[in-house]
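Next up, query-v9.cif (mmCIF, C-alpha atoms):
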```
data_input
loop_
_atom_site.label_atom_id
_atom_site.label_comp_id
_atom_site.auth_asym_id
_atom_site.auth_seq_id
_atom_site.Cartn_x
_atom_site.Cartn_y
_atom_site.Cartn_z
CA MET A 1 -119.73 88.21 227.73
CA ASN A 2 -116.48 86.18 227.44
CA ARG A 3 -114.22 84.24 229.72
CA SER A 4 -110.57 83.31 230.03
CA SER A 5 -109.36 80.34 232.08
CA SER A 6 -106.49 77.92 232.29
CA LYS A 7 -108.89 75.06 231.75
CA PRO A 8 -111.10 74.71 228.68
CA ARG A 9 -114.77 75.36 229.24
CA PRO A 10 -117.00 72.36 228.55
CA ALA A 11 -119.07 72.71 225.41
CA VAL A 12 -122.76 73.39 225.99
CA PRO A 13 -125.54 71.97 223.84
CA PHE A 14 -127.81 74.09 221.69
CA LEU A 15 -130.81 75.41 223.59
CA PRO A 16 -133.75 76.95 221.70
CA GLU A 17 -134.91 80.36 222.84
CA LYS A 18 -138.21 78.94 224.12
CA ARG A 19 -136.35 76.52 226.41
CA ILE A 20 -134.23 79.31 227.86
CA GLU A 21 -137.27 81.55 228.35
CA ASP A 22 -139.09 78.70 230.09
CA GLU A 23 -136.12 78.11 232.40
CA ALA A 24 -136.07 81.78 233.41
CA ALA A 25 -139.82 81.69 234.03
CA LEU A 26 -139.40 78.56 236.14
CA LEU A 27 -136.79 80.28 238.30
CA LEU A 28 -139.16 83.20 238.87
CA ALA A 29 -141.98 80.80 239.72
CA GLU A 30 -139.78 78.96 242.22
CA TYR A 31 -138.81 82.24 243.85
CA ALA A 32 -142.45 83.35 243.98
CA GLU A 33 -143.50 80.11 245.68
CA LYS A 34 -141.00 80.62 248.50
CA HIS A 35 -140.83 84.39 248.82
CA GLY A 36 -143.99 85.76 247.22
CA PRO A 37 -144.95 86.66 243.66
CA VAL A 38 -143.26 89.41 241.69
CA SER A 39 -145.97 91.18 239.74
CA VAL A 40 -144.27 94.47 238.88
CA PRO A 41 -140.70 95.46 238.02
CA PRO A 42 -137.93 95.53 239.03
CA ILE A 43 -137.20 91.82 239.46
CA PRO A 44 -135.35 91.26 242.79
CA VAL A 45 -132.37 89.58 241.16
CA ASP A 46 -130.11 90.02 244.21
CA GLU A 47 -132.60 88.11 246.38
CA ILE A 48 -132.99 85.44 243.71
CA ILE A 49 -129.22 84.93 243.66
CA GLU A 50 -128.66 84.95 247.42
CA LEU A 51 -131.92 83.80 249.04
CA HIS A 52 -133.25 81.37 246.46
CA LEU A 53 -130.19 80.01 244.65
CA GLU A 54 -128.16 80.33 247.87
CA LEU A 55 -125.08 81.65 246.09
CA ALA A 56 -122.61 83.82 247.96
CA PHE A 57 -122.05 87.20 246.34
CA GLU A 58 -119.11 89.57 246.39
CA LEU A 59 -117.84 92.68 244.66
CA ALA A 60 -114.15 92.44 243.78
CA ASP A 61 -111.54 93.81 241.40
CA LEU A 62 -112.02 90.98 238.92
CA GLN A 63 -110.23 92.81 236.12
CA GLN A 64 -107.10 92.95 238.27
CA MET A 65 -107.63 89.42 239.56
CA PHE A 66 -107.76 87.89 236.08
CA GLN A 67 -105.66 90.51 234.26
CA LEU A 68 -108.43 91.06 231.72
CA PRO A 69 -109.79 94.50 230.83
CA ASP A 70 -113.47 93.74 230.23
CA VAL A 71 -114.44 91.28 232.98
CA HIS A 72 -117.90 91.91 234.39
CA GLY A 73 -118.51 88.81 236.49
CA ALA A 74 -117.43 85.32 237.44
CA LEU A 75 -118.98 82.15 238.82
CA TRP A 76 -117.21 79.72 241.14
CA VAL A 77 -119.30 76.56 240.84
CA ASN A 78 -117.53 74.60 243.57
CA GLU A 79 -117.80 77.42 246.06
CA ARG A 80 -121.33 78.47 245.08
CA ARG A 81 -120.01 82.00 244.66
CA VAL A 82 -120.76 84.86 242.28
CA GLY A 83 -118.39 87.76 241.77
CA VAL A 84 -119.14 91.08 240.09
CA ASP A 85 -116.42 93.53 239.17
CA GLN A 86 -116.20 96.48 241.54
CA SER A 87 -116.45 98.91 238.63
CA LEU A 88 -120.16 98.01 238.51
CA ASP A 89 -120.83 98.71 242.20
CA PRO A 90 -124.12 100.66 242.07
CA SER A 91 -123.53 102.22 245.49
CA LEU A 92 -120.48 104.00 244.02
CA TYR A 93 -121.63 104.24 240.41
CA PRO A 94 -125.45 104.55 240.33
CA GLN A 95 -125.41 104.78 236.55
CA LYS A 96 -124.08 101.19 236.47
CA LEU A 97 -127.12 99.72 238.30
CA GLY A 98 -128.53 98.16 235.14
CA ARG A 99 -125.21 96.56 234.18
CA PHE A 100 -124.74 95.32 237.75
CA ARG A 101 -128.17 93.67 237.86
CA TYR A 102 -127.70 92.16 234.40
CA THR A 103 -124.36 90.68 235.44
CA LEU A 104 -125.96 89.08 238.50
CA ALA A 105 -128.69 87.60 236.31
CA HIS A 106 -126.08 86.42 233.80
CA GLU A 107 -124.10 84.55 236.45
CA GLY A 108 -127.33 83.08 237.81
CA ALA A 109 -128.03 81.86 234.30
CA HIS A 110 -124.71 80.00 234.18
CA TRP A 111 -125.63 78.37 237.49
CA ARG A 112 -129.04 77.25 236.24
CA LEU A 113 -128.12 76.29 232.69
CA HIS A 114 -124.48 75.21 232.75
CA ARG A 115 -123.32 73.92 236.11
CA PRO A 116 -124.08 70.25 235.19
CA TYR A 117 -121.13 70.46 232.77
CA TYR A 118 -118.85 70.90 235.77
CA LEU A 119 -119.94 67.68 237.48
CA LYS A 120 -117.69 64.62 237.52
CA ASP A 121 -120.67 62.35 237.95
CA PRO A 122 -124.13 63.92 237.77
CA ASN A 123 -125.54 60.92 239.64
CA GLN A 124 -123.23 61.52 242.58
CA GLY A 125 -123.17 65.31 242.34
CA LEU A 126 -119.38 65.56 242.65
CA LEU A 127 -117.99 68.82 241.33
CA VAL A 128 -114.83 69.09 239.26
CA ALA A 129 -111.91 70.42 241.31
CA TYR A 130 -110.78 73.70 239.75
CA ALA A 131 -108.36 74.69 242.53
CA GLY A 132 -110.27 77.86 243.30
CA LYS A 133 -110.57 78.94 239.67
CA PRO A 134 -114.00 80.10 238.50
CA ALA A 135 -115.95 77.99 236.06
CA TYR A 136 -116.88 81.13 234.13
CA ILE A 137 -115.08 84.43 233.77
CA CYS A 138 -117.55 86.57 231.89
CA ARG A 139 -116.39 89.35 229.60
CA SER A 140 -118.22 91.80 227.39
CA SER A 141 -116.29 90.66 224.32
CA ASP A 142 -117.31 86.98 224.35
CA LYS A 143 -120.04 85.82 221.97
CA SER A 144 -119.69 82.08 222.61
CA PRO A 145 -122.85 79.91 222.81
CA ALA A 146 -122.67 79.61 226.61
CA GLU A 147 -122.44 83.40 226.97
CA TRP A 148 -125.27 84.04 224.51
CA GLN A 149 -127.46 81.58 226.42
CA ALA A 150 -126.65 83.30 229.71
CA ASP A 151 -127.40 86.72 228.21
CA PHE A 152 -130.74 85.57 226.82
CA PHE A 153 -131.67 83.94 230.13
CA ALA A 154 -130.77 87.17 231.96
CA ALA A 155 -132.96 89.22 229.62
CA ASN A 156 -135.91 86.90 230.23
CA LEU A 157 -135.34 86.88 233.98
CA LEU A 158 -135.09 90.67 234.37
CA MET A 159 -137.63 91.54 231.66
CA PRO A 160 -140.23 88.74 231.56
CA ARG A 161 -142.34 88.77 228.41
CA GLN A 162 -145.76 89.34 230.00
CA MET A 163 -144.44 91.92 232.46
CA VAL A 164 -142.85 93.88 229.62
CA TYR A 165 -146.10 93.77 227.63
CA ALA A 166 -148.06 94.98 230.66
CA GLU A 167 -145.67 97.84 231.38
CA TRP A 168 -145.49 98.78 227.69
CA GLN A 169 -149.29 98.98 227.56
CA ALA A 170 -149.40 101.08 230.75
CA TRP A 171 -146.77 103.40 229.25
CA ARG A 172 -147.96 103.57 225.64
CA GLY A 173 -151.69 102.87 226.03
CA ASP A 174 -151.61 99.77 223.81
CA VAL A 175 -149.31 96.94 222.76
CA GLN A 176 -148.70 98.18 219.25
CA PRO A 177 -145.04 98.24 218.16
CA VAL A 178 -143.19 101.50 217.68
CA ALA A 179 -140.94 101.95 214.67
CA LEU A 180 -137.78 104.02 214.62
CA ASP A 181 -139.32 106.45 212.11
CA ASP A 182 -142.22 107.09 214.51
CA PHE A 183 -139.99 109.07 216.85
CA ARG A 184 -136.85 109.87 214.83
CA SER A 185 -138.17 113.17 213.43
CA ALA A 186 -139.34 114.38 216.85
CA GLU A 187 -135.96 113.61 218.37
CA VAL A 188 -133.71 114.75 215.55
CA ALA A 189 -132.99 118.22 216.94
CA ARG A 190 -132.02 116.92 220.36
CA THR A 191 -130.22 113.78 219.21
CA ASN A 192 -128.60 114.92 216.00
CA GLY A 193 -125.80 112.55 215.01
CA CYS A 194 -127.02 109.65 217.16
CA THR A 195 -127.04 106.13 215.79
CA ASP A 196 -130.31 104.23 215.37
CA GLU A 197 -129.48 102.22 218.49
CA GLU A 198 -128.87 105.37 220.54
CA LEU A 199 -132.17 106.87 219.37
CA MET A 200 -134.05 103.72 220.32
CA GLU A 201 -132.32 103.53 223.68
CA ASP A 202 -133.13 107.15 224.43
CA PHE A 203 -136.77 106.48 223.59
CA CYS A 204 -137.12 103.42 225.83
CA ARG A 205 -135.16 104.89 228.76
CA PRO A 206 -138.29 105.37 230.95
CA LEU A 207 -139.04 101.65 230.69
CA ALA A 208 -135.41 100.77 231.34
CA LEU A 209 -135.49 102.83 234.54
CA LYS A 210 -138.61 101.02 235.69
CA PHE A 211 -137.06 97.58 235.18
CA GLU A 212 -133.66 98.80 236.48
CA VAL A 213 -131.82 97.63 233.39
CA SER A 214 -129.64 99.55 230.97
CA PRO A 215 -131.31 101.29 228.01
CA MET A 216 -129.30 98.97 225.75
CA ALA A 217 -130.68 95.86 227.46
CA MET A 218 -134.21 97.23 227.25
CA ARG A 219 -133.82 98.17 223.59
CA ILE A 220 -132.59 94.67 222.72
CA ARG A 221 -135.42 93.07 224.70
CA LEU A 222 -138.07 95.25 223.06
CA GLU A 223 -136.69 94.34 219.66
CA GLN A 224 -136.80 90.65 220.62
CA LEU A 225 -140.47 91.09 221.56
CA ALA A 226 -141.19 93.08 218.37
CA LEU A 227 -142.36 96.09 220.39
CA MET A 228 -139.66 98.24 218.80
CA THR A 229 -138.73 97.85 215.15
CA ARG A 230 -136.18 99.42 212.81
CA GLU A 231 -138.77 99.76 210.07
CA LYS A 232 -142.51 100.35 210.20
CA VAL A 233 -144.48 97.13 209.95
CA ASN A 234 -147.52 97.19 207.71
CA LEU A 235 -150.30 95.35 209.52
CA LEU A 236 -153.06 93.93 207.37
CA PHE A 237 -156.41 93.19 209.02
#
```
Take the structure from the file and write it as structure tokens.
Amino acid sequence: MNRSSSKPRPAVPFLPEKRIEDEAALLLAEYAEKHGPVSVPPIPVDEIIELHLELAFELADLQQMFQLPDVHGALWVNERRVGVDQSLDPSLYPQKLGRFRYTLAHEGAHWRLHRPYYLKDPNQGLLVAYAGKPAYICRSSDKSPAEWQADFFAANLLMPRQMVYAEWQAWRGDVQPVALDDFRSAEVARTNGCTDEELMEDFCRPLALKFEVSPMAMRIRLEQLALMTREKVNLLF
């Protein structure tokens, strides 16, 4: 995701993947302590945003508001408010449910990871005055460090490592990785002309539906966890 704003965004420090994963796990643990554990998917990201983080939420025409074609969400730090573009409204566009939930998680990630960079004085907790402008306008085209961190946090929040392993084992019968070649030949007649990514996303669609994320998000997460690979891995025992 990307953002456009009249004020420059503060630079964020490098965060290793383990730190981001731990932060997402901590948020889930905090939610579980107050509202009960989440042991099976889908993760209640809307409740995490509104009940636990106490952020106001609204659907709005953000693309019109900011005159940008690929805006998915925005975060107003001062106002403790999250906006999601109305084009992702799952009540009108059920096929966008995964993108909607991921955008909520992404904005929650900015709140957890990046809001300190909008404080005048962290010791006093005074927020920078942005005259109603959001701290983050998040777009699909942005690959900046802050957006990558928010995306990785969102993936870990919506698809926690151990939950994915458990659901993969329940689905597949074990936790062995699946390589593209393992299912390409069986799918070739139905998916002729598809890219490797499209084949992988079609394969993992049942798991994506269970976690209520897009097939693309699930495919990327499974590749991160080495449960799906582009090439067969030779395991030596």
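Among the candidates A:Leu53, A:Ser39, A:Leu209, A:Thr229, the residue lying nearest to Gln95 in chain A is A:Leu209 (atoms considered: all atoms listed in the file).
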Could you give me, as a tab-separated table (two decimals) with C-alpha atoms, in the coordinates of the input, the residues within 6 Å of Met228 in chain A, counting only C-alpha atoms and dropping anything in the same chain fewer than 2 positions from it?
```
chain	number	residue	atom	x	y	z
A	177	PRO	CA	-145.04	98.24	218.16
A	178	VAL	CA	-143.19	101.50	217.68
A	179	ALA	CA	-140.94	101.95	214.67
A	222	LEU	CA	-138.07	95.25	223.06
A	223	GLU	CA	-136.69	94.34	219.66
A	226	ALA	CA	-141.19	93.08	218.37
```
Find the residues with any atom within 12 Å of (-138.3, 79.3, 227.5); use only C-alpha atoms and the coordinates as given in the file, and write the answer as a VMD selection string. chain A and resid 15 to 27 113 149 152 to 157 160 to 161
Would you kindly translate the PyMOL selection byres ((chain A and resi 103-108) around 8) into the concrete residues it picks from this file, as an MDAnalysis selection string? chainID A and resid 45:46 49 72:75 82 84 99:102 109:112 150:151 153:154 157:158
Print the selection's residues with C-alpha atoms to a file, as a JSON list (two decimals), keeping the file's coordinate frame.
```json
[["chain", "number", "residue", "atom", "x", "y", "z"],
["A", 45, "VAL", "CA", -132.37, 89.58, 241.16],
["A", 46, "ASP", "CA", -130.11, 90.02, 244.21],
["A", 49, "ILE", "CA", -129.22, 84.93, 243.66],
["A", 72, "HIS", "CA", -117.90, 91.91, 234.39],
["A", 73, "GLY", "CA", -118.51, 88.81, 236.49],
["A", 74, "ALA", "CA", -117.43, 85.32, 237.44],
["A", 75, "LEU", "CA", -118.98, 82.15, 238.82],
["A", 82, "VAL", "CA", -120.76, 84.86, 242.28],
["A", 84, "VAL", "CA", -119.14, 91.08, 240.09],
["A", 99, "ARG", "CA", -125.21, 96.56, 234.18],
["A", 100, "PHE", "CA", -124.74, 95.32, 237.75],
["A", 101, "ARG", "CA", -128.17, 93.67, 237.86],
["A", 102, "TYR", "CA", -127.70, 92.16, 234.40],
["A", 109, "ALA", "CA", -128.03, 81.86, 234.30],
["A", 110, "HIS", "CA", -124.71, 80.00, 234.18],
["A", 111, "TRP", "CA", -125.63, 78.37, 237.49],
["A", 112, "ARG", "CA", -129.04, 77.25, 236.24],
["A", 150, "ALA", "CA", -126.65, 83.30, 229.71],
["A", 151, "ASP", "CA", -127.40, 86.72, 228.21],
["A", 153, "PHE", "CA", -131.67, 83.94, 230.13],
["A", 154, "ALA", "CA", -130.77, 87.17, 231.96],
["A", 157, "LEU", "CA", -135.34, 86.88, 233.98],
["A", 158, "LEU", "CA", -135.09, 90.67, 234.37]]
```
What is the distance between CA of Asp85 in chain A and CA of Gln224 in chain A, in Å to one decimal? 27.7 Å
Put a box with edges along x, y and z around all the listed atoms of range 82-100 of chain A, pad it by 8 Å on each side, then give me its centre and sizes in Å, one decimal, as AutoDock Vina command-line options.
```
--center_x -122.4 --center_y 94.8 --center_z 239.8 --size_x 28.3 --size_y 35.9 --size_z 27.3
```
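Residues in contact with Met65 in chain A at up to 12 Å, not including ones fewer than 4 positions away on its chain and judged by all atoms listed in the file, are Ser4, Ser5, Leu59, Ala60, Asp61, Pro69, Asp70, Val71, His72, Gly73, Ala74, Gly83, Val84, Asp85, Gln86, Lys133, Pro134 and Ile137 of chain A.
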Nearest to Pro42 in chain A by atom-to-atom distance, counting all atoms listed in the file, from A:Glu167, A:Asp196, A:Asp174, A:Glu201: A:Glu167
Please identify all polymer residues lying at most 12 Å from the point (-127.9, 103.0, 218.6) (file coordinates), using only C-alpha atoms, and present the result as a list in words. Leu180, Arg184, Thr191, Gly193, Cys194, Thr195, Asp196, Glu197, Glu198, Leu199, Met200, Glu201, Asp202, Phe203, Cys204, Pro215, Met216, Ala217, Arg219, Ile220 and Arg230 of chain A
Add whatever atoms are absent from range 167-185 of chain A to reach N, CA and C atoms, and provide the output as a PDB file, in the coordinates of the input.
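What follows is the written file result_13.pdb:
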```pdb
ATOM      1  N   GLU A 167    -146.238  96.520 231.130  1.00  0.00           N
ATOM      2  CA  GLU A 167    -145.670  97.840 231.380  1.00  0.00           C
ATOM      3  C   GLU A 167    -145.658  98.686 230.112  1.00  0.00           C
ATOM      4  N   TRP A 168    -145.434  98.059 228.967  1.00  0.00           N
ATOM      5  CA  TRP A 168    -145.490  98.780 227.690  1.00  0.00           C
ATOM      6  C   TRP A 168    -146.899  99.337 227.475  1.00  0.00           C
ATOM      7  N   GLN A 169    -147.913  98.517 227.730  1.00  0.00           N
ATOM      8  CA  GLN A 169    -149.290  98.980 227.560  1.00  0.00           C
ATOM      9  C   GLN A 169    -149.618 100.118 228.526  1.00  0.00           C
ATOM     10  N   ALA A 170    -149.157 100.010 229.787  1.00  0.00           N
ATOM     11  CA  ALA A 170    -149.400 101.080 230.750  1.00  0.00           C
ATOM     12  C   ALA A 170    -148.707 102.373 230.318  1.00  0.00           C
ATOM     13  N   TRP A 171    -147.551 102.244 229.684  1.00  0.00           N
ATOM     14  CA  TRP A 171    -146.770 103.400 229.250  1.00  0.00           C
ATOM     15  C   TRP A 171    -147.307 103.994 227.953  1.00  0.00           C
ATOM     16  N   ARG A 172    -147.613 103.118 226.979  1.00  0.00           N
ATOM     17  CA  ARG A 172    -147.960 103.570 225.640  1.00  0.00           C
ATOM     18  C   ARG A 172    -149.464 103.609 225.383  1.00  0.00           C
ATOM     19  N   GLY A 173    -150.242 102.895 226.223  1.00  0.00           N
ATOM     20  CA  GLY A 173    -151.690 102.870 226.030  1.00  0.00           C
ATOM     21  C   GLY A 173    -152.183 101.710 225.203  1.00  0.00           C
ATOM     22  N   ASP A 174    -151.266 100.956 224.580  1.00  0.00           N
ATOM     23  CA  ASP A 174    -151.610  99.770 223.810  1.00  0.00           C
ATOM     24  C   ASP A 174    -150.359  98.917 223.674  1.00  0.00           C
ATOM     25  N   VAL A 175    -150.478  97.810 222.957  1.00  0.00           N
ATOM     26  CA  VAL A 175    -149.310  96.940 222.760  1.00  0.00           C
ATOM     27  C   VAL A 175    -148.852  96.960 221.314  1.00  0.00           C
ATOM     28  N   GLN A 176    -149.148  98.053 220.619  1.00  0.00           N
ATOM     29  CA  GLN A 176    -148.700  98.180 219.250  1.00  0.00           C
ATOM     30  C   GLN A 176    -147.206  98.498 219.221  1.00  0.00           C
ATOM     31  N   PRO A 177    -146.487  97.947 218.252  1.00  0.00           N
ATOM     32  CA  PRO A 177    -145.040  98.240 218.160  1.00  0.00           C
ATOM     33  C   PRO A 177    -144.790  99.671 217.725  1.00  0.00           C
ATOM     34  N   VAL A 178    -143.623 100.170 218.083  1.00  0.00           N
ATOM     35  CA  VAL A 178    -143.190 101.500 217.680  1.00  0.00           C
ATOM     36  C   VAL A 178    -141.987 101.346 216.767  1.00  0.00           C
ATOM     37  N   ALA A 179    -142.039 102.014 215.633  1.00  0.00           N
ATOM     38  CA  ALA A 179    -140.940 101.950 214.670  1.00  0.00           C
ATOM     39  C   ALA A 179    -140.017 103.150 214.863  1.00  0.00           C
ATOM     40  N   LEU A 180    -138.784 102.974 214.480  1.00  0.00           N
ATOM     41  CA  LEU A 180    -137.780 104.020 214.620  1.00  0.00           C
ATOM     42  C   LEU A 180    -138.252 105.324 213.971  1.00  0.00           C
ATOM     43  N   ASP A 181    -138.866 105.241 212.814  1.00  0.00           N
ATOM     44  CA  ASP A 181    -139.320 106.450 212.110  1.00  0.00           C
ATOM     45  C   ASP A 181    -140.416 107.178 212.870  1.00  0.00           C
ATOM     46  N   ASP A 182    -141.141 106.459 213.768  1.00  0.00           N
ATOM     47  CA  ASP A 182    -142.220 107.090 214.510  1.00  0.00           C
ATOM     48  C   ASP A 182    -141.722 108.180 215.453  1.00  0.00           C
ATOM     49  N   PHE A 183    -140.492 108.063 215.922  1.00  0.00           N
ATOM     50  CA  PHE A 183    -139.990 109.070 216.850  1.00  0.00           C
ATOM     51  C   PHE A 183    -138.691 109.731 216.394  1.00  0.00           C
ATOM     52  N   ARG A 184    -138.121 109.290 215.275  1.00  0.00           N
ATOM     53  CA  ARG A 184    -136.850 109.870 214.830  1.00  0.00           C
ATOM     54  C   ARG A 184    -136.996 111.362 214.536  1.00  0.00           C
ATOM     55  N   SER A 185    -138.038 111.763 213.820  1.00  0.00           N
ATOM     56  CA  SER A 185    -138.170 113.170 213.430  1.00  0.00           C
ATOM     57  C   SER A 185    -138.372 114.065 214.644  1.00  0.00           C
TER      58      SER A 185
END
```
